[in-house]
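Worksheet: one structure, shown below.
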Amino acid sequence: MDQILFQWNGNTVHARPGDTVASALYRAGVRTFTYSYQHGRPRGLFCLTGSCPNCMVTIDGVPNMRSCTVPARSGLSVLSQNLNVHRGLDVPAAKRFPPAPPLAESEHHYEHTYLHFDVVVVGGGPSGLKAVLESVSESPGMRVALLEKELALSGPEELAHQVHAHPQIEVFLSCSCFGVYEGNLLGAVQAGYGRPNAENLLHLRARRIIWATGAYETQYLFANNDLPGVMLSTAVSRMIHRHGLVPGRRAVLVGELERCAALVTDLEAAGVHIVASVGVDSVVSARGSEHVTALVTKDGTHRVDLVVICGPLLPDLGLIRSAGKQAIAVVGAAAGEGITSRRYPLPPSAQARDAIACLCMDVSGHDVTQAVESGITHVELIKRVTKLGKSTCQGRMCQTAAIHLCSRITGETVAEVGATVSRPPAPPVTLGVLAGMRHHPVRRTPMHDQHDRLGATWMDMGDWKRPRYYVSPPQDCIEQEYRAVRERAGIIDVSTLGKIEVKGPDAGRLLDLVFTHKFSTLPVGRTRYSVLCDELGTIVDDGTISRMEEQRYFVTTTTTNVDFVHQWLEWWAAAAGWSVTITNLTAGLASMNLAGPHSREVLQKLTNCDLSTTAFPYMDWRHALVADVPATMMRIGFVGEMGWEIVVPAEYGSYLWEQLLRAGSGVDIRPFGVEAQRVLRLEKKHIIVGVDTDALSNPYEAGMGWVAKLDKPDFIGRAALTRLKRNPLERLLVGFELEGNAIPADGSPVLVDGRPVGWATSVRYSWEKQKGIGMAWVTPSEATQGTRITLRCDSIDYPADVVEGVFYDPAGDRLKM
Amino acid sequence: MSFLLKCPNCGERSVYEFRFGGELRRRPQPEAHFEDFLQYALYKRNIAGAQWEWWCHRGGCGEWFKAHRNTLTNEVLETLLPQDEAQSG
Amino acid sequence: MERLSGLHRCHLQAQGGLRNFFGWQLPAWYTDAFSELAQLRSSAGISDVSYLTKLDLRGTADEFPAPARLWKLTSTRRLVTSPQPIAFTPSSSITDLTSLYSAILLAGPKSRQVLEKLTTLNVNEAAMPEGAARQTRLAHVNAVILRGQGFFLLTTRDVAEHVWEALLHAGASPFGLIAQQQWLGAAHAGA
C-alpha cells in the first residue's frame, strides 16, 4: 500500500489512497478539526460536501481550506485555525485579520486557461450527465464541457463512462464553478491541476449554460447544534461509503427520517447502535464540551456520540440568482426535482435562541431574534446587522433557518422576509489563482543586448527598458556622459519613441487637423516640431513630423503616448472618412541620436552623404547608406548640440550601434543614457510632455505659443487656443537657478514669501552653470528675471532665482554648426 | 464587466480587446461660438438606455467603429463601420 | 551584414550555434534537431520565423505568386507572407512590415492547448481553420495569428522575447531551423 504521510499540527498522520485530508484525520482519531472564527467553538466534520466551515484548516500556508474536499497527499502541512480565539488569547481589536504574508514568490502554481464551448454543464450528477449527452447529440460539431467539483462524476456508471469516452465532451473534475458573468462567461477553478499545489483558473465562454448542481442538505437549530459529532446525513453516508469510516457507536437520528431509510440500514450494518429517531420539534439541546455526548429531548436524554441530522434539501442555486437575466437552464434537483417541499421545522423559541444559526460567523438564534425584535425584518438587513451569511458559505447553511425564524417572529410570509443574493466568487478563491502567472510584458529595443554589454543600469519607461546611465557610480558616470556630448560625441538609443507613418491622399490634411502646426505645406525633405492638443487647447503630446514624400509623413511621439496618438489619428480619419494609411512602426525601426561637436566627423566616416551644413541644414532629413545599412538621418537637436537621429530597420540596429561606437573611438565617443539626456535638454529648456506639462497645460503658458498656427482654418483645439491667446495667463513655465549645489526633487513646491505659487517640474545639477537649474510653474508676477523663489523638499528650503532664456547656448549656434 | 462586442471586422470578442471612445457627437463647425465647443468637449448626454458610441478594437484590427449599446444592460444591438449610416443623436 | 531577429537573445544559448538562414542569424538547433522534431510531433514546439517577408495590403487587389501566401484580415486589409523577398512598387496601399513584426511558429498536436493559456480568442478547430487570420491579444500584447502549418504568431519586435517566454511557460519547447525546415517542407524553403 502506498504510504501517504502528512503533518497535522506538527504530528505525522497516515492516509490511505483515496482519503481526503478530513477522512485521514478522522481515521487518525481527530474529532476537533478547528475552532470557529468568532467565539472559538470546537468544530468537527459536519457536511463533508464543502458547504460548511467546520472542517476548515490551513494547508501549506493557504487558510480556510475545506479539508473534506482536499485529497490527502504526502508532505502536506495541515494546521487547525483560530486556536487562539478558543483559548481566549486573541485581543479583540487585533484578532480579525492576520498580517498579510510578504510578497514572495509563491510555491503554489497558478495557471489560466481560456476555453470556448457550445454548451457548459455545471454538475456531474445524474441530471448533468443526461444533459451533457443530450447536448452533444444536437449537432455533429457540438463541443460540450462538464464541470464537476468532486474528484469523480456521480450518477449512473454507464452514463459516466459514456461521457468520459465521448470525443466532443471535455470533463473537468475537481473543478468548482465560482461565478457566472456577463456574456455567458463562467469562472471555475480546477484544483491539483497537473501537479500538487497547482490551481487552474478556467475562463469558459459558453453559448448555453445548463445548471445541474443538485441539492444540498442543510441543518436544524437547537442548542449546541455545532458540536463535533453532530453531522448531516450526507456526511455520515459519505464517511461510510467513500472512506470506510464508522462515525460513532451510539446514534440518534433527527428530522426527515423517511428520506434516510437507507442510511439506517448502513449504520446498523456498520455496527452503530441507533438509540432513537426523533422529530426536530422534540429536540431541546445537544450536550458535550469538545464532542457530543448526549441529545436532550422532551422525551428524555439519549446518551450518544453521533447525532445524525436528516436535514432539508435545498436546490443549489445561489450563483444563478445573482447572474440575473442570463438564460440559464436549470435541471434536476437544482430545479427542485424529487424534493418534497415542506415547511422548515423550527424548535420552540427557547431552543432556537441558543442554537448557532450561522456556523461561519457564530451568529446564534438569539442574535437573529434580537435583530428581528428590534425591527430588522428583511433577511438582507438581518445579514448586515448580525453578520449571518456574510462569510465564506454565503448563507448556504444558515439562510433558510434565519428566514423561517424571522417569519415566525414577525408573522410575515417567507417570501416577504426575502432571500439573500450570493455573489461570486462562491466558493471563495485564492487571490493567486485570480492573478495567474506574473508575466507582464517587457519591451526591448534592438540594441538591448549592446546596452547590457556596456554595463547599463536600466530604468522602466512604461513597458520599455531604457538605459538610465552606463557603468556605476552614477554621479561621475552621468557627468562623463554629459561631457562627452558637450565636448566630443555621444550616442543615445531613442528607439522607444513612437514612430508612426501616415500616408495617402489625405495624409497632409489629417496632420493639419490634428497637430497645431502646418504640415500640408511642409516641403519634402524637411522636419518640423509640433504639439497636438485636445479641443480645450491642452497639450497632449509632442514630436517631430518629417515629410518623406508628397503623400507620406513620418510622425514621432513620446514613448508612452504612441498608442494614444495612433488611435487619435485613426479616429479623426475614420470620422471624416478620409483616405489614409496609418502604421505604428515603432518596434520595426531602430533609432539612435548621435550628438556633439565631433558628431559630423564620426558619422562622415560611415556614409557618403554630404553632412555639411550647406548640404544638410538643421531640420532637414536625408536617405543614405550608413555603414552599408539603408538609413534615414534627421538633423534635429533635443540635447542642444549638432547631431543626427539615425533611423534604420530594427534588424540592423545592433550592428549600426556598434559601427558608430567604433567610428567614434577616435574622439572618445560615449553612449549616454536617459539621465544625461535629461540634463542636456534641461540646459536648453526643452520641455518633456508629461514631465514639464500636465493635464491642463496649454502652449501659451508653456512658452510655446509659436507652435499654434491659428491662421489654419481648422484644427483640434483652435477655438480654445484663440480664446486662451487673448486671455491673461494664469501661470507660466519658467527657468530658475538654485543658489547652491543641493538638488531638490522634481515636483517640489515653489514658494514666494511662504506662499505656494506653483511647483518645479524638472531639477538637475548643471555642469554648464556649476549649480542646480530647473523649470517650474509659477504665477505671472514671479515670472521675471531675478525673482526670488524658494523650493521646498522634505522640509528643507532651497532658494533660487527665476531666469529668462536658456541656460546653454542661447543663440543656438551649437545646433547649426 | 465581461460582455462580448462584435467588431465589424473581427467578429465577437471579449470587451477587454476594445477601447471605449465616447458617445457619438457632432463636432461644431470651425466658425461656431466657443460656447458650442465647450458644450461639445465637456458635456455628454449620458443616456440611460440604448446609445450610439465609438469603440476602437485596439487589441485586434485597430479600427474604430460605431456600436449601438444599451448602457443599462450592456446588450449590444448593432455595430457598424464608420462609413455606414447610423442613427446618431 | 547580419540581420538579427527580435528573438536574438533567446537564441544565444542554442547549442547548434547561430548561422545564416534566409539572410538572418538564426539557431540551427537548440539541443539537437532530431529530438526537437520528435518533441514537435508529439507535443508543441516554437521556432523563430521572423525572416518571413510580411506586407500589409490595403484597398489593392494585387496578387502575389507562391510561395507567397495571402491572409484576409478585414474587408479592406490583407497580409502577405513569404519565405522569400517580394518585389513591389511602394505606394500608400502597401506597407512593408517585415522589420516591424517578429514571427514565431507554434506547431504540434498540443499547440492549441498552449494558445488556450495565453489568449481569450476562440482557437477551436471550427473557429480557426486552416487559412484563418485573426488579430487579437496574446500574452497581454497585440498579435496576428495565422493558421497554416501550425500557428504563425506575429507580434511587434519589441515584445517578441516576452511572448517567447510566455509560450515556453505555457508548455512549448524551442526548435531550431533544421527541424523547422523539416516541418515546413520543400514548399516553404525556397531560397
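All residue names refer to the C-alpha cells as shown: chains lettered A, B, ... in order, residues numbered from 1 in each chain, ligands numbered from 1 in order.
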
All residues 8 Å or closer to range 34-36 of chain C, only C-alpha atoms, same chain fewer than 6 positions away omitted, as number ranges by chain:
C: 45, 173-176, 179

Those of chain B in DSSP strand (DSSP E or B), formatted as a PyMOL selection string
chain B and resi 4-7+11-14+19-23+50-56+64-70+76-80

Limited to C-alpha atoms, could you put the picked residues into a file as a PDB file, in the first residue's frame?
```
ATOM      1  CA  LEU B   4     -18.931  40.455 -25.828  1.00  0.00           C
ATOM      2  CA  LEU B   5     -18.686  43.069 -28.525  1.00  0.00           C
ATOM      3  CA  LYS B   6     -18.960  42.277 -32.231  1.00  0.00           C
ATOM      4  CA  CYS B   7     -16.226  44.056 -34.146  1.00  0.00           C
ATOM      5  CA  GLY B  11     -16.429  39.232 -35.025  1.00  0.00           C
ATOM      6  CA  GLU B  12     -17.392  38.721 -31.404  1.00  0.00           C
ATOM      7  CA  ARG B  13     -14.619  39.354 -28.919  1.00  0.00           C
ATOM      8  CA  SER B  14     -14.190  39.996 -25.204  1.00  0.00           C
ATOM      9  CA  ARG B  19     -11.262  50.851 -26.022  1.00  0.00           C
ATOM     10  CA  PHE B  20     -14.372  52.944 -25.413  1.00  0.00           C
ATOM     11  CA  GLY B  21     -14.433  56.188 -27.398  1.00  0.00           C
ATOM     12  CA  GLY B  22     -17.455  58.025 -26.023  1.00  0.00           C
ATOM     13  CA  GLU B  23     -20.892  58.727 -27.365  1.00  0.00           C
ATOM     14  CA  ALA B  50     -29.501  52.485 -25.961  1.00  0.00           C
ATOM     15  CA  GLN B  51     -26.913  54.914 -27.269  1.00  0.00           C
ATOM     16  CA  TRP B  52     -24.603  55.146 -30.273  1.00  0.00           C
ATOM     17  CA  GLU B  53     -20.972  55.277 -29.332  1.00  0.00           C
ATOM     18  CA  TRP B  54     -17.448  54.850 -30.662  1.00  0.00           C
ATOM     19  CA  TRP B  55     -15.261  51.833 -29.923  1.00  0.00           C
ATOM     20  CA  CYS B  56     -11.701  51.063 -31.065  1.00  0.00           C
ATOM     21  CA  TRP B  64     -12.771  52.393 -34.953  1.00  0.00           C
ATOM     22  CA  PHE B  65     -16.440  51.509 -35.310  1.00  0.00           C
ATOM     23  CA  LYS B  66     -19.823  52.571 -34.016  1.00  0.00           C
ATOM     24  CA  ALA B  67     -21.893  50.495 -31.626  1.00  0.00           C
ATOM     25  CA  HIS B  68     -25.486  50.772 -30.505  1.00  0.00           C
ATOM     26  CA  ARG B  69     -25.353  49.617 -26.886  1.00  0.00           C
ATOM     27  CA  ASN B  70     -27.828  49.640 -24.024  1.00  0.00           C
ATOM     28  CA  VAL B  76     -25.013  45.442 -27.926  1.00  0.00           C
ATOM     29  CA  LEU B  77     -27.730  45.857 -30.531  1.00  0.00           C
ATOM     30  CA  GLU B  78     -25.656  46.668 -33.587  1.00  0.00           C
ATOM     31  CA  THR B  79     -22.139  47.549 -34.708  1.00  0.00           C
ATOM     32  CA  LEU B  80     -21.234  49.478 -37.859  1.00  0.00           C
TER      33      LEU B  80
END
```

Kindly determine which residues of chain C lie within 8 Å of chain B, considering only C-alpha atoms, and give the answer as number ranges by chain.
C: 73-75, 120-121, 134-137, 141-143

Residue selection dump (N, CA and C atoms) as an mmCIF file, in the first residue's frame:
```
data_model
loop_
_atom_site.group_PDB
_atom_site.id
_atom_site.type_symbol
_atom_site.label_atom_id
_atom_site.label_comp_id
_atom_site.auth_asym_id
_atom_site.auth_seq_id
_atom_site.Cartn_x
_atom_site.Cartn_y
_atom_site.Cartn_z
ATOM 1 N N LEU C 73 -7.482 39.951 -43.374
ATOM 2 C CA LEU C 73 -7.648 40.464 -42.013
ATOM 3 C C LEU C 73 -8.977 41.190 -41.839
ATOM 4 N N THR C 74 -9.288 42.089 -42.804
ATOM 5 C CA THR C 74 -10.597 42.758 -42.776
ATOM 6 C C THR C 74 -11.093 42.810 -44.212
ATOM 7 N N SER C 75 -12.225 43.447 -44.449
ATOM 8 C CA SER C 75 -12.743 43.504 -45.814
ATOM 9 C C SER C 75 -11.832 44.325 -46.725
ATOM 10 N N THR C 120 -7.758 34.964 -25.135
ATOM 11 C CA THR C 120 -9.185 34.688 -24.999
ATOM 12 C C THR C 120 -9.825 34.406 -26.357
ATOM 13 N N LEU C 121 -9.028 34.467 -27.427
ATOM 14 C CA LEU C 121 -9.558 34.173 -28.755
ATOM 15 C C LEU C 121 -10.005 32.718 -28.819
ATOM 16 N N ARG C 134 -6.299 36.004 -37.590
ATOM 17 C CA ARG C 134 -7.002 36.708 -36.518
ATOM 18 C C ARG C 134 -6.077 37.733 -35.886
ATOM 19 N N GLN C 135 -6.622 38.907 -35.600
ATOM 20 C CA GLN C 135 -5.856 39.900 -34.834
ATOM 21 C C GLN C 135 -6.437 39.925 -33.436
ATOM 22 N N THR C 136 -5.610 39.744 -32.429
ATOM 23 C CA THR C 136 -6.127 39.626 -31.068
ATOM 24 C C THR C 136 -5.030 39.942 -30.068
ATOM 25 N N ARG C 137 -5.282 39.625 -28.790
ATOM 26 C CA ARG C 137 -4.287 39.783 -27.740
ATOM 27 C C ARG C 137 -3.712 38.400 -27.417
ATOM 28 N N VAL C 141 -0.222 41.160 -25.190
ATOM 29 C CA VAL C 141 0.218 42.090 -26.237
ATOM 30 C C VAL C 141 -0.584 41.812 -27.504
ATOM 31 N N ASN C 142 -0.549 42.762 -28.443
ATOM 32 C CA ASN C 142 -1.271 42.562 -29.698
ATOM 33 C C ASN C 142 -0.564 41.550 -30.580
ATOM 34 N N ALA C 143 -1.329 40.725 -31.276
ATOM 35 C CA ALA C 143 -0.725 39.712 -32.133
ATOM 36 C C ALA C 143 -1.621 39.437 -33.325
#
```

If you run DSSP on the backbone, which residues of range 624-704 of chain A are helix (DSSP H, G or I), as a list of chain:residue names?
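Answer for range 624-704 of chain A, restricted to helix (DSSP H, G or I): A:Ala650, A:Glu651, A:Tyr652, A:Gly653, A:Ser654, A:Tyr655, A:Leu656, A:Trp657, A:Glu658, A:Gln659, A:Leu660, A:Leu661, A:Arg662, A:Ala663, A:Ser665, A:Gly666, A:Val667, A:Val674, A:Glu675, A:Ala676, A:Gln677, A:Arg678, A:Val679, A:Leu680, A:Arg681, A:Leu682.
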
Compile the contact shell of Leu26 in chain C as a VMD selection string: residues with an atom at most 12 Å away, counting only C-alpha atoms, same-chain residues fewer than 4 positions apart removed.
chain C and resid 2 to 22 30 47 to 51 175 to 178 180

Counting only C-alpha atoms, a student should be able to say which residues of chain A come within 8 Å of chain B; what is the right answer, written as a VMD selection string?
chain A and resid 181 to 183 185 535 to 536 567 570 to 571 574 to 575 577 713 to 714 719 to 720

Save the residues we just selected, N, CA and C atoms, as a PDB file, in the first residue's frame?
```
ATOM      1  N   TYR A 181     -20.730  35.177 -15.293  1.00  0.00           N
ATOM      2  CA  TYR A 181     -20.618  36.600 -15.591  1.00  0.00           C
ATOM      3  C   TYR A 181     -21.263  36.943 -16.920  1.00  0.00           C
ATOM      4  N   GLU A 182     -21.387  38.240 -17.138  1.00  0.00           N
ATOM      5  CA  GLU A 182     -21.938  38.769 -18.384  1.00  0.00           C
ATOM      6  C   GLU A 182     -21.401  38.047 -19.613  1.00  0.00           C
ATOM      7  N   GLY A 183     -22.232  37.863 -20.595  1.00  0.00           N
ATOM      8  CA  GLY A 183     -21.747  37.248 -21.830  1.00  0.00           C
ATOM      9  C   GLY A 183     -21.511  35.762 -21.665  1.00  0.00           C
ATOM     10  N   LEU A 185     -19.972  34.044 -19.448  1.00  0.00           N
ATOM     11  CA  LEU A 185     -18.617  33.701 -19.061  1.00  0.00           C
ATOM     12  C   LEU A 185     -18.678  33.007 -17.708  1.00  0.00           C
ATOM     13  N   GLU A 535      -9.451  69.450 -27.645  1.00  0.00           N
ATOM     14  CA  GLU A 535     -10.369  70.544 -28.002  1.00  0.00           C
ATOM     15  C   GLU A 535     -10.319  71.701 -27.019  1.00  0.00           C
ATOM     16  N   LEU A 536      -9.757  71.475 -25.833  1.00  0.00           N
ATOM     17  CA  LEU A 536      -9.646  72.546 -24.843  1.00  0.00           C
ATOM     18  C   LEU A 536      -8.296  73.235 -24.915  1.00  0.00           C
ATOM     19  N   GLN A 567      -4.296  55.920 -32.174  1.00  0.00           N
ATOM     20  CA  GLN A 567      -5.754  55.783 -32.134  1.00  0.00           C
ATOM     21  C   GLN A 567      -6.447  57.111 -32.427  1.00  0.00           C
ATOM     22  N   GLU A 570      -6.314  57.705 -36.140  1.00  0.00           N
ATOM     23  CA  GLU A 570      -7.248  56.780 -36.798  1.00  0.00           C
ATOM     24  C   GLU A 570      -8.678  57.263 -36.631  1.00  0.00           C
ATOM     25  N   TRP A 571      -8.984  57.756 -35.442  1.00  0.00           N
ATOM     26  CA  TRP A 571     -10.349  58.157 -35.168  1.00  0.00           C
ATOM     27  C   TRP A 571     -10.763  59.347 -36.015  1.00  0.00           C
ATOM     28  N   ALA A 574     -11.214  58.249 -39.541  1.00  0.00           N
ATOM     29  CA  ALA A 574     -12.419  57.442 -39.713  1.00  0.00           C
ATOM     30  C   ALA A 574     -13.662  58.316 -39.666  1.00  0.00           C
ATOM     31  N   ALA A 575     -13.686  59.243 -38.706  1.00  0.00           N
ATOM     32  CA  ALA A 575     -14.866  60.100 -38.546  1.00  0.00           C
ATOM     33  C   ALA A 575     -15.076  60.971 -39.789  1.00  0.00           C
ATOM     34  N   GLY A 577     -13.932  60.156 -42.776  1.00  0.00           N
ATOM     35  CA  GLY A 577     -13.973  59.307 -43.971  1.00  0.00           C
ATOM     36  C   GLY A 577     -12.804  59.559 -44.898  1.00  0.00           C
ATOM     37  N   PRO A 713      -7.357  77.175 -41.092  1.00  0.00           N
ATOM     38  CA  PRO A 713      -8.827  77.285 -40.988  1.00  0.00           C
ATOM     39  C   PRO A 713      -9.427  76.457 -39.850  1.00  0.00           C
ATOM     40  N   ASP A 714      -8.823  75.316 -39.553  1.00  0.00           N
ATOM     41  CA  ASP A 714      -9.382  74.484 -38.502  1.00  0.00           C
ATOM     42  C   ASP A 714      -8.316  73.519 -37.998  1.00  0.00           C
ATOM     43  N   ALA A 719     -10.270  76.648 -31.478  1.00  0.00           N
ATOM     44  CA  ALA A 719     -11.226  77.570 -30.837  1.00  0.00           C
ATOM     45  C   ALA A 719     -10.739  77.928 -29.437  1.00  0.00           C
ATOM     46  N   ALA A 720     -10.299  76.922 -28.689  1.00  0.00           N
ATOM     47  CA  ALA A 720      -9.849  77.167 -27.324  1.00  0.00           C
ATOM     48  C   ALA A 720      -8.568  77.984 -27.312  1.00  0.00           C
TER      49      ALA A 720
END
```

Could you please tell me, as an MDAnalysis selection string, which residues of chain A have an atom within 9 Å of chain C when using only C-alpha atoms?
chainID A and resid 111:117 141 203 439:446 449 464 502:505 551:552 580:581 583:589 628:629 649:655

Go ahead and write the residues just picked, C-alpha atoms, as a PDB file, in the first residue's frame.
```pdb
ATOM      1  CA  GLU A 111      -2.457  28.925 -14.377  1.00  0.00           C
ATOM      2  CA  HIS A 112      -5.143  30.463 -16.541  1.00  0.00           C
ATOM      3  CA  THR A 113      -6.905  28.745 -19.420  1.00  0.00           C
ATOM      4  CA  TYR A 114      -9.373  30.347 -21.819  1.00  0.00           C
ATOM      5  CA  LEU A 115     -11.851  27.996 -23.456  1.00  0.00           C
ATOM      6  CA  HIS A 116     -14.911  28.207 -25.690  1.00  0.00           C
ATOM      7  CA  PHE A 117     -17.748  25.693 -25.774  1.00  0.00           C
ATOM      8  CA  GLY A 141     -19.723  19.719 -34.272  1.00  0.00           C
ATOM      9  CA  HIS A 203     -12.441  31.266 -18.240  1.00  0.00           C
ATOM     10  CA  HIS A 439       4.129  37.758 -16.844  1.00  0.00           C
ATOM     11  CA  HIS A 440       3.952  41.452 -17.501  1.00  0.00           C
ATOM     12  CA  PRO A 441       5.099  42.492 -20.985  1.00  0.00           C
ATOM     13  CA  VAL A 442       8.594  43.951 -21.262  1.00  0.00           C
ATOM     14  CA  ARG A 443       9.528  45.983 -24.341  1.00  0.00           C
ATOM     15  CA  ARG A 444      13.148  45.941 -25.504  1.00  0.00           C
ATOM     16  CA  THR A 445      14.873  47.957 -28.202  1.00  0.00           C
ATOM     17  CA  PRO A 446      17.001  46.334 -30.930  1.00  0.00           C
ATOM     18  CA  ASP A 449      21.926  43.463 -25.742  1.00  0.00           C
ATOM     19  CA  TRP A 464      10.129  49.702 -22.083  1.00  0.00           C
ATOM     20  CA  VAL A 502       0.920  58.473 -42.197  1.00  0.00           C
ATOM     21  CA  LYS A 503       0.414  58.146 -45.943  1.00  0.00           C
ATOM     22  CA  GLY A 504      -2.272  58.569 -48.539  1.00  0.00           C
ATOM     23  CA  PRO A 505      -4.116  61.349 -50.370  1.00  0.00           C
ATOM     24  CA  GLN A 551       1.752  61.888 -49.579  1.00  0.00           C
ATOM     25  CA  ARG A 552       3.877  60.244 -46.901  1.00  0.00           C
ATOM     26  CA  VAL A 580      -5.086  57.492 -45.238  1.00  0.00           C
ATOM     27  CA  THR A 581      -2.965  54.554 -44.063  1.00  0.00           C
ATOM     28  CA  THR A 583       1.004  52.420 -39.300  1.00  0.00           C
ATOM     29  CA  ASN A 584       2.767  52.276 -35.940  1.00  0.00           C
ATOM     30  CA  LEU A 585       6.322  51.412 -36.963  1.00  0.00           C
ATOM     31  CA  THR A 586       7.940  51.985 -33.542  1.00  0.00           C
ATOM     32  CA  ALA A 587       9.231  48.468 -32.951  1.00  0.00           C
ATOM     33  CA  GLY A 588      10.326  47.980 -36.567  1.00  0.00           C
ATOM     34  CA  LEU A 589      12.837  50.828 -36.595  1.00  0.00           C
ATOM     35  CA  ASP A 628      26.064  49.951 -45.697  1.00  0.00           C
ATOM     36  CA  VAL A 629      22.734  49.978 -43.885  1.00  0.00           C
ATOM     37  CA  PRO A 649      15.285  48.814 -39.885  1.00  0.00           C
ATOM     38  CA  ALA A 650      15.367  47.160 -36.464  1.00  0.00           C
ATOM     39  CA  GLU A 651      17.269  44.089 -37.630  1.00  0.00           C
ATOM     40  CA  TYR A 652      20.327  46.271 -38.338  1.00  0.00           C
ATOM     41  CA  GLY A 653      20.113  48.385 -35.183  1.00  0.00           C
ATOM     42  CA  SER A 654      22.554  46.425 -33.092  1.00  0.00           C
ATOM     43  CA  TYR A 655      25.106  46.302 -35.907  1.00  0.00           C
TER      44      TYR A 655
END
```

For a test of reading the model, state the distance in Å between CA of His108 in chain A and CA of Cys175 in chain A, rounded to one decimal.
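So the two atoms, CA of His108 in chain A and CA of Cys175 in chain A, lie 17.1 Å apart.
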
Coordinates-based distance that separates CA of Ile636 in chain A from CA of Cys533 in chain A (Å, one decimal):
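Computing it gives 22.3 Å between the two atoms.
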
Between CA of Leu721 in chain A and CA of Phe564 in chain A, distance in Å (one decimal)
21.5 Å

With only C-alpha atoms as the counted atoms, please give the residues lying no more than 12 Å from Thr265 in chain A, apart from itself and same-chain residues fewer than 6 positions off, as a list in words.
Ser237, Ile240, Gly271, Val272, His273 and Ile274 of chain A

Which residues, written as a list of chain:residue names, have at least one atom at most 6 Å from Val802 in chain A, with only C-alpha atoms counted and residues fewer than 6 positions away on the same chain left out?
A:Gly735, A:Phe736, A:Gln785, A:Gly786, A:Thr787
